[in-house]
$ cat work.txt   # compact mmCIF, C-alpha atoms and all ligand atoms
# COMPACT_ATOMS: atom_id res chain seq x y z
CA MET T 1 39.21 -0.62 61.80
CA ARG T 2 41.00 0.58 58.70
CA ALA T 3 38.69 -1.41 56.46
CA LEU T 4 35.68 0.37 57.89
CA GLY T 5 36.89 3.65 56.46
CA PHE T 6 36.77 2.36 52.92
CA PRO T 7 33.09 2.89 52.19
CA ILE T 8 33.21 6.48 53.32
CA VAL T 9 36.11 7.28 51.05
CA LEU T 10 34.29 5.62 48.19
CA VAL T 11 31.14 7.66 48.72
CA MET T 12 33.09 10.89 48.80
CA CYS T 13 34.62 9.89 45.50
CA LEU T 14 31.19 9.33 44.00
CA ALA T 15 30.27 12.84 44.96
CA SER T 16 33.33 14.45 43.51
CA CYS T 17 34.91 12.20 40.92
CA GLY T 18 32.24 12.43 38.22
CA GLN T 19 32.83 13.38 34.66
CA ARG T 20 33.96 16.95 34.28
CA LEU T 21 31.72 19.39 32.50
CA VAL T 22 32.26 20.08 28.88
CA PRO T 23 32.25 23.79 28.02
CA SER T 24 28.62 23.74 26.87
CA SER T 25 27.44 22.18 30.09
CA VAL T 26 25.38 24.01 32.65
CA ASP T 27 25.37 23.07 36.29
CA GLU T 28 22.00 22.77 37.92
CA PRO T 29 21.49 26.16 39.56
CA SER T 30 21.76 26.22 43.31
CA PRO T 31 18.44 26.87 44.98
CA PRO T 32 18.09 30.36 46.36
CA GLN T 33 18.39 30.70 50.10
CA SER T 34 14.65 31.16 50.43
CA ALA T 35 14.00 27.80 48.77
CA GLN T 36 16.41 26.02 51.11
CA ALA T 37 14.86 27.70 54.11
CA SER T 38 11.36 26.71 53.07
CA GLY T 39 12.17 23.05 53.34
CA ALA T 40 12.60 22.47 49.65
CA ALA T 41 13.79 19.06 48.60
CA PRO T 42 17.38 18.05 49.09
CA THR T 43 19.56 17.75 46.03
CA ALA T 44 21.09 14.45 45.07
CA SER T 45 24.39 15.39 46.65
CA ALA T 46 22.66 16.51 49.82
CA ARG T 47 21.23 13.02 50.12
CA LEU T 48 24.65 11.37 50.11
CA PRO T 49 24.85 11.11 53.88
CA THR T 50 21.98 8.64 53.59
CA ARG T 51 24.17 6.50 51.43
CA VAL T 52 26.97 6.69 53.96
CA ALA T 53 24.50 5.43 56.51
CA GLU T 54 23.57 2.54 54.26
CA LEU T 55 27.19 1.56 54.14
CA ALA T 56 27.67 1.83 57.91
CA PRO T 57 29.54 -0.99 59.65
CA PRO T 58 27.69 -3.64 61.67
CA PRO T 59 26.51 -2.67 65.17
CA ALA T 60 29.17 -2.55 67.88
CA SER T 61 27.68 -5.61 69.55
CA SER T 62 28.65 -7.75 66.61
CA ALA T 63 31.95 -9.44 67.02
CA ALA T 64 34.45 -8.25 64.46
CA PRO T 65 35.25 -11.06 62.07
CA PRO T 66 38.83 -12.24 61.75
CA ALA T 67 40.71 -10.41 59.02
CA ALA T 68 40.74 -13.52 56.88
CA GLU T 69 36.94 -13.50 56.79
CA LEU T 70 36.60 -9.90 55.65
CA ALA T 71 34.85 -9.63 52.34
CA PRO T 72 37.08 -8.55 49.50
CA PRO T 73 36.90 -4.80 48.77
CA VAL T 74 34.83 -5.35 45.65
CA ALA T 75 31.90 -6.38 47.87
CA LEU T 76 31.86 -2.86 49.33
CA VAL T 77 31.36 -1.06 46.03
CA GLU T 78 28.62 1.53 46.31
CA PRO T 79 25.61 0.68 44.14
CA GLU T 80 25.32 2.83 41.05
CA PRO T 81 23.48 6.00 42.13
CA SER T 82 20.27 6.83 40.34
CA ILE T 83 19.04 10.27 39.34
CA VAL T 84 15.37 11.22 39.36
CA LEU T 85 14.21 13.78 36.82
CA ALA T 86 10.67 15.10 37.24
CA ALA T 87 9.40 16.10 33.78
CA ALA T 88 6.18 18.02 33.20
CA GLY T 89 4.29 19.39 30.21
CA ASP T 90 3.18 22.84 29.13
CA VAL T 91 3.90 25.90 31.27
CA ASN T 92 2.33 29.15 30.09
CA PHE T 93 3.48 32.25 31.94
CA GLY T 94 1.30 34.44 29.71
CA ARG T 95 -2.32 35.41 30.35
CA GLU T 96 -3.49 35.30 34.01
CA CYS T 97 -0.33 33.66 35.31
CA GLY T 98 1.75 36.42 33.74
CA GLN T 99 -0.39 39.07 35.38
CA ALA T 100 0.13 37.38 38.75
CA ILE T 101 3.90 37.38 38.16
CA LEU T 102 3.83 41.06 37.19
CA LYS T 103 2.14 41.85 40.51
CA ASP T 104 4.53 39.70 42.55
CA VAL T 105 7.69 38.10 41.21
CA ALA T 106 7.64 35.77 44.23
CA TYR T 107 4.42 34.23 42.87
CA ASP T 108 4.80 30.45 42.79
CA PRO T 109 2.43 28.61 40.46
CA PHE T 110 4.12 25.31 41.43
CA ALA T 111 3.32 25.65 45.14
CA GLY T 112 0.51 23.06 45.05
CA LEU T 113 2.81 20.20 44.09
CA ASN T 114 3.92 17.62 46.61
CA GLU T 115 7.21 15.90 47.41
CA ALA T 116 7.03 13.86 44.22
CA TRP T 117 7.90 17.08 42.37
CA ARG T 118 10.05 18.78 44.95
CA SER T 119 12.19 15.81 45.96
CA ALA T 120 13.37 15.01 42.44
CA ASP T 121 17.03 15.63 41.71
CA ALA T 122 16.10 17.84 38.74
CA ARG T 123 12.92 19.28 37.24
CA PHE T 124 11.99 19.88 33.58
CA VAL T 125 9.06 21.73 31.98
CA ASN T 126 8.11 22.89 28.50
CA LEU T 127 8.10 26.69 28.67
CA GLU T 128 5.26 27.41 26.25
CA SER T 129 5.47 31.21 26.49
CA GLN T 130 8.19 33.67 25.67
CA LEU T 131 9.41 35.81 28.56
CA SER T 132 9.40 39.36 27.23
CA ASP T 133 8.42 42.87 28.24
CA GLN T 134 5.24 43.87 26.42
CA HIS T 135 4.47 46.89 28.60
CA GLY T 136 2.34 45.01 31.08
CA LEU T 137 0.50 42.88 28.52
CA THR T 138 0.74 39.09 28.74
CA GLN T 139 -1.60 38.36 25.84
CA SER T 140 -2.16 40.11 22.54
CA PRO T 141 -5.34 42.24 22.54
CA SER T 142 -5.97 41.09 18.97
CA HIS T 143 -5.26 37.35 19.21
CA ARG T 144 -5.79 35.00 22.11
CA LEU T 145 -3.14 32.59 20.85
CA ILE T 146 -0.37 35.19 21.07
CA PHE T 147 0.89 35.51 24.63
CA THR T 148 4.06 36.03 26.63
CA GLY T 149 5.23 35.70 30.18
CA PRO T 150 6.91 38.76 31.70
CA PRO T 151 10.73 38.84 32.12
CA GLY T 152 10.33 37.97 35.81
CA GLY T 153 9.01 34.55 34.76
CA ALA T 154 12.65 33.48 34.56
CA GLU T 155 13.05 34.21 38.28
CA VAL T 156 9.82 32.33 39.02
CA LEU T 157 11.33 29.25 37.33
CA ALA T 158 14.60 29.61 39.24
CA GLN T 159 12.86 30.10 42.59
CA ALA T 160 10.77 26.99 41.93
CA ARG T 161 14.04 25.13 41.24
CA VAL T 162 13.06 24.23 37.70
CA SER T 163 16.39 22.88 36.44
CA LEU T 164 15.82 22.86 32.72
CA VAL T 165 13.22 24.04 30.19
CA SER T 166 12.36 23.41 26.58
CA THR T 167 11.72 26.56 24.56
CA ALA T 168 11.01 24.81 21.24
CA ASN T 169 7.26 24.99 20.72
CA ASN T 170 4.57 26.70 18.67
CA HIS T 171 4.66 29.84 20.86
CA ALA T 172 8.42 30.36 20.64
CA TRP T 173 7.90 33.07 18.04
CA ASP T 174 4.69 34.73 19.28
CA TYR T 175 6.29 38.18 19.55
CA GLY T 176 9.08 37.48 17.06
CA LYS T 177 12.84 37.49 17.12
CA ASP T 178 13.43 40.35 19.56
CA ALA T 179 11.19 38.70 22.14
CA LEU T 180 12.88 35.34 21.59
CA PHE T 181 16.30 36.89 22.20
CA GLU T 182 14.86 38.63 25.26
CA THR T 183 13.56 35.28 26.50
CA ILE T 184 17.00 33.75 26.10
CA ALA T 185 18.64 36.65 27.95
CA ASN T 186 16.10 36.39 30.78
CA LEU T 187 16.66 32.64 31.19
CA GLU T 188 20.42 33.17 31.17
CA ARG T 189 20.15 35.93 33.79
CA ALA T 190 18.16 33.64 36.09
CA GLN T 191 20.50 30.72 35.25
CA VAL T 192 17.73 28.50 33.95
CA PRO T 193 19.20 26.17 31.30
CA PHE T 194 17.12 25.80 28.14
CA ALA T 195 17.13 23.79 24.94
CA GLY T 196 15.38 24.13 21.59
CA THR T 197 16.04 27.78 20.74
CA GLY T 198 19.15 29.87 20.30
CA ARG T 199 20.72 33.03 18.97
CA ASP T 200 21.58 30.98 15.91
CA VAL T 201 20.44 27.70 14.46
CA GLU T 202 23.43 25.76 15.81
CA GLN T 203 22.60 26.75 19.37
CA ALA T 204 18.94 25.88 18.83
CA TYR T 205 19.77 22.26 17.99
CA ARG T 206 22.38 21.90 20.71
CA PRO T 207 21.36 20.01 23.86
CA ALA T 208 21.23 21.59 27.27
CA VAL T 209 23.48 19.66 29.62
CA LEU T 210 22.71 19.31 33.28
CA ARG T 211 25.10 17.86 35.79
CA VAL T 212 23.45 16.03 38.66
CA ALA T 213 25.29 14.01 41.30
CA GLY T 214 28.36 13.70 39.15
CA ARG T 215 26.42 12.55 36.09
CA THR T 216 25.50 14.53 33.00
CA ILE T 217 22.12 14.60 31.29
CA ALA T 218 21.94 15.99 27.75
CA LEU T 219 18.48 17.10 26.67
CA PHE T 220 17.51 17.99 23.11
CA ALA T 221 14.28 19.93 22.56
CA VAL T 222 12.39 20.24 19.29
CA THR T 223 8.98 21.28 18.01
CA GLN T 224 6.81 19.86 15.25
CA VAL T 225 4.09 22.49 15.43
CA TRP T 226 4.30 26.16 14.55
CA ASN T 227 1.85 29.02 14.86
CA GLN T 228 3.25 31.09 12.01
CA PRO T 229 3.07 28.54 9.18
CA PRO T 230 4.87 27.27 7.37
CA PHE T 231 7.95 26.77 9.54
CA ALA T 232 10.28 26.43 6.54
CA ALA T 233 9.28 29.93 5.39
CA SER T 234 9.39 31.46 8.85
CA ALA T 235 12.33 33.50 10.07
CA GLY T 236 11.98 31.45 13.23
CA LYS T 237 13.54 28.45 11.52
CA ASP T 238 16.98 29.98 12.10
CA PHE T 239 16.45 30.15 15.88
CA VAL T 240 14.16 27.23 16.80
CA ALA T 241 14.84 23.49 16.55
CA TRP T 242 12.46 21.43 14.44
CA ALA T 243 11.72 17.74 14.89
CA ASN T 244 14.02 16.74 12.05
CA VAL T 245 15.84 13.47 12.70
CA ASP T 246 18.51 14.24 10.10
CA LYS T 247 19.41 17.46 11.90
CA LEU T 248 19.46 15.77 15.30
CA LYS T 249 21.18 12.51 14.53
CA ALA T 250 24.83 13.57 14.72
CA GLY T 251 24.20 15.55 17.90
CA ILE T 252 22.46 12.65 19.63
CA VAL T 253 25.20 10.22 18.64
CA GLN T 254 27.82 12.64 19.98
CA ALA T 255 25.85 13.26 23.19
CA ARG T 256 25.62 9.54 23.83
CA ARG T 257 29.41 9.38 23.70
CA GLU T 258 29.97 12.42 25.91
CA HIS T 259 27.19 12.22 28.47
CA ASP T 260 25.65 9.67 30.79
CA PHE T 261 22.03 10.13 29.72
CA VAL T 262 20.35 11.57 26.63
CA LEU T 263 16.73 12.75 26.57
CA VAL T 264 14.56 14.23 23.82
CA SER T 265 11.81 16.74 24.52
CA TYR T 266 9.26 16.83 21.71
CA HIS T 267 6.48 19.38 21.23
CA GLY T 268 3.93 18.19 18.73
CA GLY T 269 0.96 16.05 17.83
CA GLU T 270 -2.74 16.71 17.67
CA GLU T 271 -4.44 18.71 20.39
CA TYR T 272 -7.08 17.12 22.66
CA VAL T 273 -6.74 13.57 21.35
CA ASP T 274 -5.83 10.61 23.56
CA ALA T 275 -3.55 8.81 21.13
CA PRO T 276 -0.47 10.12 19.32
CA ILE T 277 -0.77 10.75 15.61
CA GLU T 278 1.38 8.84 13.14
CA ARG T 279 3.83 11.72 12.69
CA THR T 280 4.55 11.77 16.43
CA ARG T 281 4.98 7.99 16.57
CA ALA T 282 7.34 8.00 13.61
CA PHE T 283 9.53 10.70 15.13
CA ALA T 284 9.59 8.99 18.54
CA LYS T 285 10.54 5.69 16.95
CA ALA T 286 13.33 7.29 14.93
CA VAL T 287 15.00 9.11 17.85
CA MET T 288 14.59 6.18 20.23
CA ALA T 289 16.38 4.04 17.65
CA LEU T 290 19.37 6.35 18.16
CA GLY T 291 19.60 5.16 21.76
CA VAL T 292 17.81 7.99 23.56
CA ASP T 293 17.05 7.09 27.20
CA ALA T 294 13.57 8.63 27.36
CA PHE T 295 11.19 10.61 25.15
CA ILE T 296 9.27 13.49 26.73
CA GLY T 297 6.30 14.67 24.66
CA HIS T 298 3.87 17.57 25.11
CA HIS T 299 1.50 19.91 23.21
CA PRO T 300 -1.79 17.95 22.90
CA HIS T 301 -2.97 19.56 26.20
CA VAL T 302 -4.15 16.16 27.43
CA PRO T 303 -2.17 13.17 28.69
CA GLN T 304 -1.52 10.36 26.25
CA GLY T 305 -0.30 6.83 26.79
CA VAL T 306 3.18 5.55 27.53
CA GLY T 307 4.93 3.39 24.95
CA TRP T 308 8.29 1.66 24.97
CA ALA T 309 11.34 1.16 22.80
CA ASP T 310 13.47 -1.78 23.94
CA GLY T 311 12.35 -1.12 27.51
CA ARG T 312 12.96 2.65 27.36
CA PRO T 313 9.93 4.87 27.98
CA ILE T 314 8.17 7.03 25.41
CA VAL T 315 5.90 9.56 27.10
CA TYR T 316 3.85 10.82 24.17
CA SER T 317 2.11 13.70 25.93
CA LEU T 318 2.33 15.05 29.46
CA GLY T 319 -0.59 17.41 28.90
CA ASN T 320 -0.95 20.73 30.67
CA PHE T 321 1.01 21.75 33.75
CA VAL T 322 0.86 25.48 34.47
CA PHE T 323 -1.87 26.07 31.93
CA ALA T 324 -5.59 26.77 32.26
CA GLY T 325 -7.75 23.91 31.00
CA HIS T 326 -11.29 23.76 29.67
CA ASP T 327 -14.24 22.58 31.74
CA GLU T 328 -15.68 20.72 28.76
CA ARG T 329 -12.41 18.76 28.35
CA PRO T 330 -11.68 17.19 31.76
CA TRP T 331 -8.22 15.85 30.84
CA THR T 332 -7.00 19.38 30.11
CA LYS T 333 -7.45 19.98 33.84
CA GLN T 334 -5.83 16.75 35.03
CA SER T 335 -2.65 15.18 33.90
CA PHE T 336 0.64 13.81 35.23
CA PHE T 337 4.29 14.61 35.45
CA ALA T 338 6.82 11.85 34.94
CA ARG T 339 9.43 10.82 37.45
CA ILE T 340 12.14 9.34 35.28
CA THR T 341 14.78 7.38 37.17
CA LEU T 342 18.09 7.27 35.32
CA LYS T 343 20.71 4.71 36.19
CA LYS T 344 23.78 3.76 34.19
CA GLY T 345 23.55 0.41 32.51
CA ALA T 346 19.79 0.01 32.92
CA PRO T 347 16.72 1.33 31.07
CA ALA T 348 15.12 4.44 32.51
CA GLU T 349 12.28 3.74 34.93
CA LEU T 350 9.07 5.70 34.90
CA SER T 351 6.40 6.73 37.39
CA ALA T 352 3.38 8.92 36.60
CA CYS T 353 2.43 11.47 39.24
CA PRO T 354 -1.13 12.74 38.74
CA PHE T 355 -2.36 16.22 39.56
CA ALA T 356 -5.33 18.47 38.98
CA ILE T 357 -5.15 22.05 37.69
CA ASP T 358 -6.96 24.75 39.67
CA GLY T 359 -7.16 27.77 37.41
CA HIS T 360 -3.69 27.55 35.88
CA ARG T 361 -1.93 25.99 38.90
CA PRO T 362 -1.18 22.27 39.23
CA ARG T 363 -2.06 20.64 42.53
CA SER T 364 -1.04 17.12 43.51
CA PHE T 365 -3.93 14.87 44.41
CA ASP T 366 -4.73 14.66 48.09
CA ARG T 367 -3.79 11.02 48.64
CA SER T 368 -6.23 10.44 51.48
CA LYS T 369 -9.24 12.14 49.90
CA GLU T 370 -8.74 11.66 46.18
CA THR T 371 -8.17 7.94 45.86
CA TRP T 372 -10.99 7.82 43.33
CA ALA T 373 -9.30 10.47 41.18
CA THR T 374 -6.04 8.54 41.31
CA GLU T 375 -7.79 5.34 40.29
CA ARG T 376 -9.59 7.10 37.46
CA PHE T 377 -6.25 8.45 36.24
CA ARG T 378 -4.65 5.00 36.54
CA LEU T 379 -7.36 3.41 34.40
CA HIS T 380 -7.12 6.26 31.89
CA LEU T 381 -3.36 5.81 31.52
CA ILE T 382 -3.77 2.06 31.06
CA GLY T 383 -6.44 2.74 28.43
CA THR T 384 -4.53 5.38 26.50
CA SER T 385 -1.37 3.26 26.57
CA THR T 386 -3.18 0.41 24.83
CA SER T 387 -2.88 2.15 21.46
CA VAL T 388 0.90 2.50 21.83
CA GLY T 389 1.78 -1.05 22.82
CA GLY T 390 0.45 -1.23 26.34
CA SER T 391 1.70 -0.40 29.81
CA ASN T 392 1.06 -1.74 33.27
CA VAL T 393 0.24 1.00 35.76
CA ALA T 394 0.63 0.15 39.44
CA GLU T 395 -1.16 1.45 42.51
CA PRO T 396 0.21 4.73 43.90
CA ASP T 397 3.44 4.66 45.91
CA GLU T 398 4.20 6.70 49.02
CA LEU T 399 4.65 9.83 46.87
CA GLY T 400 1.30 9.31 45.15
CA CYS T 401 3.00 8.28 41.89
CA LEU T 402 2.15 5.22 39.82
CA ARG T 403 4.91 3.03 38.48
CA VAL T 404 4.51 2.46 34.74
CA THR T 405 6.10 -0.59 33.15
CA GLU T 406 6.06 -2.19 29.76
CA LYS T 407 3.30 -4.69 29.27
CA PRO T 408 4.75 -7.91 27.90
CA ALA T 409 3.49 -8.83 24.49
CA PRO T 410 0.89 -11.58 24.75
CA GLN T 411 2.30 -15.03 24.25
CA PRO T 412 0.70 -17.08 21.49
CA SER T 413 -1.67 -19.46 23.19
CA LEU T 414 -1.34 -23.19 22.61
CA SER T 415 -4.41 -24.48 20.92
CA SER T 416 -5.93 -27.60 22.33
CA SER T 417 -5.95 -30.51 19.93
CA ASN T 418 -8.48 -32.76 21.60
ZN ZN M 501 1.91 23.86 22.11
$ encode --input "work.txt" --output "structure tokens" --more "lines below"
Ligand SMILES: [Zn+2]
Amino acid sequence: MRALGFPIVLVMCLASCGQRLVPSSVDEPSPPQSAQASGAAPTASARLPTRVAELAPPPASSAAPPAAELAPPVALVEPEPSIVLAAAGDVNFGRECGQAILKDVAYDPFAGLNEAWRSADARFVNLESQLSDQHGLTQSPSHRLIFTGPPGGAEVLAQARVSLVSTANNHAWDYGKDALFETIANLERAQVPFAGTGRDVEQAYRPAVLRVAGRTIALFAVTQVWNQPPFAASAGKDFVAWANVDKLKAGIVQARREHDFVLVSYHGGEEYVDAPIERTRAFAKAVMALGVDAFIGHHPHVPQGVGWADGRPIVYSLGNFVFAGHDERPWTKQSFFARITLKKGAPAELSACPFAIDGHRPRSFDRSKETWATERFRLHLIGTSTSVGGSNVAEPDELGCLRVTEKPAPQPSLSSSN
């Protein structure tokens, strides 16, 4: 019976023997008690008992093999665990959403999402609004494109178990430096890790590091759009990370040495167009060449296609998430979040999980009633991916997500000579 104990010991080691955190790392925050009580998704470590079960010995009715026939210990090695990161696009806690948060800090704009979002091991969004106290205002009376979420937005993110946010975007400076520093302090208070801004330029370009199931994910976040142009002349340049490959290169190379997975969040491109502009493609190509595991783009307010770099996914635009769309632009009110499966020694895998936006709140498709909407999304993603190399998009899985894979380049056809 001694041999039967081996798998259990091995699994415990997987849960506790991972790489230790470097000082800059941030553990994924524990869900608040209320989230656990509400049946929120288990964390990766909470799922480990399932793995123990997978490694269970044969049923008691099976005759135990002679010792000489026991497989060597190497056959019992636990498969490499995978980590699922759910990554979504723009989240604006200003405007109406901010007013709802001011009325009730328990407001949950993510409540309409299904297990595909909740069951991921970690969740990422682009936080498009600052989180600052503007005396009850969540949008400037003089300019619709200046808005902020209230300070309590940080708690809303934590309660929704958002693990990590990007703060590098064209609204990072809407209310200036004081509000940016306030945003940082609010996220720190609520223990929501962020990347892309900082109290100095070094911090802004530093990745946020998340530890999940004994593995570390380093995420860099940058913007390539700015609402107070030009960026180079803006005081914001000392506190916000720009999509500058030269400034990122050394950090990405170092992160690849120190961490298990490296991701880049990119805010940029042209709004309301289905295909990425050349500047976006060039930046994506350059950072993927540095060995980044996946590229997470947002800002165009509509979903764009999925491209590939040596089998690693480039998501050019995730579109809106917690953000009101426009009736005259249907794809601002429908988009997808990505489920990115990270596994050591293999390219990241990607699924696209479609949703609709009611007001400013995302809502997963009803799988039994909205098969037509899912199919329309599937065809749209195939179509938009054509301009970036092509992707196959499968039928929805049990979570309502569509597996996206690289479309092989067409083979040259043999011409007939007769
Ligand atoms: Zn934007």
$ atom_distance --input "work.txt" --atom1 "CA of Phe239 (chain T)" --atom2 "CA of Val222 (chain T)"
11.2 Å
$ atom_distance --input "work.txt" --atom1 "CA of Ser142 (chain T)" --atom2 "CA of Gly94 (chain T)"
14.6 Å
$ closest_residue --input "work.txt" --among "T:Thr223, T:Ser387, T:Asn392, T:Gln159" --to "ligand ZN 501 (chain M)" --atoms "only C-alpha atoms and all ligand atoms"
T:Thr223
$ residues_around --input "work.txt" --residues "Lys177 (chain T)" --least-positions-apart "6" --cutoff "12 Å" --atoms "all atoms listed in the file" --output "count of residues only"
16
$ residues_near_point --input "work.txt" --point "(14.3, 1.6, 22.2)" --cutoff "7 Å" --atoms "all atoms listed in the file" --output "ChimeraX atom specification"
/T:288-289,291,308-312
$ residues_near_ligand --input "work.txt" --ligand "ligand ZN 501 (chain M)" --cutoff "6 Å" --atoms "all atoms listed in the file" --output "list in words"
Asn169, Asn170 and His299 of chain T
$ closest_residue --input "work.txt" --among "T:Leu164, T:Val105, T:Leu113, T:Asp293" --to "Phe365 (chain T)" --atoms "all atoms listed in the file"
T:Leu113
$ closest_residue --input "work.txt" --among "T:Ala356, T:Leu137, T:Cys97, T:Val245" --to "Tyr266 (chain T)" --atoms "all atoms listed in the file"
T:Val245
$ residues_around --input "work.txt" --residues "region 86-93 of chain T" --least-positions-apart "6" --cutoff "7 Å" --atoms "all atoms listed in the file" --output "count of residues only"
25
$ residues_near_point --input "work.txt" --point "(5.3, 24.8, 14.9)" --cutoff "9 Å" --atoms "all atoms listed in the file" --output "list in words"
Ala168, Asn169, Asn170, His171, Ala172, Thr223, Gln224, Val225, Trp226, Asn227, Gln228, Pro229, Pro230, Phe231, Trp242, His267 and Gly268 of chain T
$ closest_residue --input "work.txt" --among "T:Trp372, T:Ala241, T:Thr384, T:Leu350" --to "Glu406 (chain T)" --atoms "all atoms listed in the file"
T:Leu350
$ closest_residue --input "work.txt" --among "T:Tyr316, T:Lys247, T:Gly176, T:Ile357" --to "Lys333 (chain T)" --atoms "all atoms listed in the file"
T:Ile357
$ decode --input "work.txt" --residues "region 154-171 of chain T" --atoms "N, CA and C atoms" --output "PDB file, in the first residue's frame"
ATOM      1  N   ALA T 154     -12.986  50.295  -6.257  1.00  0.00           N
ATOM      2  CA  ALA T 154     -11.932  49.318  -5.936  1.00  0.00           C
ATOM      3  C   ALA T 154     -12.525  48.136  -5.177  1.00  0.00           C
ATOM      4  N   GLU T 155     -13.446  48.413  -4.256  1.00  0.00           N
ATOM      5  CA  GLU T 155     -14.087  47.323  -3.518  1.00  0.00           C
ATOM      6  C   GLU T 155     -14.979  46.491  -4.443  1.00  0.00           C
ATOM      7  N   VAL T 156     -15.627  47.167  -5.400  1.00  0.00           N
ATOM      8  CA  VAL T 156     -16.474  46.433  -6.353  1.00  0.00           C
ATOM      9  C   VAL T 156     -15.625  45.422  -7.125  1.00  0.00           C
ATOM     10  N   LEU T 157     -14.433  45.830  -7.538  1.00  0.00           N
ATOM     11  CA  LEU T 157     -13.530  44.908  -8.243  1.00  0.00           C
ATOM     12  C   LEU T 157     -13.132  43.742  -7.345  1.00  0.00           C
ATOM     13  N   ALA T 158     -12.785  44.055  -6.102  1.00  0.00           N
ATOM     14  CA  ALA T 158     -12.341  42.998  -5.182  1.00  0.00           C
ATOM     15  C   ALA T 158     -13.473  42.020  -4.890  1.00  0.00           C
ATOM     16  N   GLN T 159     -14.677  42.558  -4.665  1.00  0.00           N
ATOM     17  CA  GLN T 159     -15.819  41.678  -4.363  1.00  0.00           C
ATOM     18  C   GLN T 159     -16.144  40.783  -5.552  1.00  0.00           C
ATOM     19  N   ALA T 160     -15.908  41.293  -6.767  1.00  0.00           N
ATOM     20  CA  ALA T 160     -16.175  40.497  -7.968  1.00  0.00           C
ATOM     21  C   ALA T 160     -14.999  39.568  -8.279  1.00  0.00           C
ATOM     22  N   ARG T 161     -14.022  39.555  -7.400  1.00  0.00           N
ATOM     23  CA  ARG T 161     -12.838  38.693  -7.542  1.00  0.00           C
ATOM     24  C   ARG T 161     -12.101  38.951  -8.854  1.00  0.00           C
ATOM     25  N   VAL T 162     -12.054  40.226  -9.236  1.00  0.00           N
ATOM     26  CA  VAL T 162     -11.170  40.618 -10.337  1.00  0.00           C
ATOM     27  C   VAL T 162      -9.753  40.590  -9.774  1.00  0.00           C
ATOM     28  N   SER T 163      -8.883  39.813 -10.390  1.00  0.00           N
ATOM     29  CA  SER T 163      -7.567  39.527  -9.808  1.00  0.00           C
ATOM     30  C   SER T 163      -6.522  40.562 -10.169  1.00  0.00           C
ATOM     31  N   LEU T 164      -6.770  41.275 -11.280  1.00  0.00           N
ATOM     32  CA  LEU T 164      -5.703  42.073 -11.859  1.00  0.00           C
ATOM     33  C   LEU T 164      -6.327  43.053 -12.848  1.00  0.00           C
ATOM     34  N   VAL T 165      -5.880  44.316 -12.824  1.00  0.00           N
ATOM     35  CA  VAL T 165      -6.403  45.281 -13.799  1.00  0.00           C
ATOM     36  C   VAL T 165      -5.263  46.018 -14.483  1.00  0.00           C
ATOM     37  N   SER T 166      -5.551  46.459 -15.714  1.00  0.00           N
ATOM     38  CA  SER T 166      -4.679  47.420 -16.378  1.00  0.00           C
ATOM     39  C   SER T 166      -5.212  48.815 -16.087  1.00  0.00           C
ATOM     40  N   THR T 167      -4.310  49.743 -15.786  1.00  0.00           N
ATOM     41  CA  THR T 167      -4.723  51.133 -15.608  1.00  0.00           C
ATOM     42  C   THR T 167      -4.076  52.046 -16.658  1.00  0.00           C
ATOM     43  N   ALA T 168      -3.398  51.448 -17.636  1.00  0.00           N
ATOM     44  CA  ALA T 168      -2.774  52.238 -18.707  1.00  0.00           C
ATOM     45  C   ALA T 168      -3.764  52.376 -19.848  1.00  0.00           C
ATOM     46  N   ASN T 169      -4.367  53.526 -19.969  1.00  0.00           N
ATOM     47  CA  ASN T 169      -5.310  53.776 -21.068  1.00  0.00           C
ATOM     48  C   ASN T 169      -5.514  55.290 -21.212  1.00  0.00           C
ATOM     49  N   ASN T 170      -6.347  55.659 -22.175  1.00  0.00           N
ATOM     50  CA  ASN T 170      -6.501  57.074 -22.493  1.00  0.00           C
ATOM     51  C   ASN T 170      -7.337  57.846 -21.471  1.00  0.00           C
ATOM     52  N   HIS T 171      -7.856  57.158 -20.448  1.00  0.00           N
ATOM     53  CA  HIS T 171      -8.583  57.858 -19.378  1.00  0.00           C
ATOM     54  C   HIS T 171      -7.805  57.851 -18.057  1.00  0.00           C
TER      55      HIS T 171
END
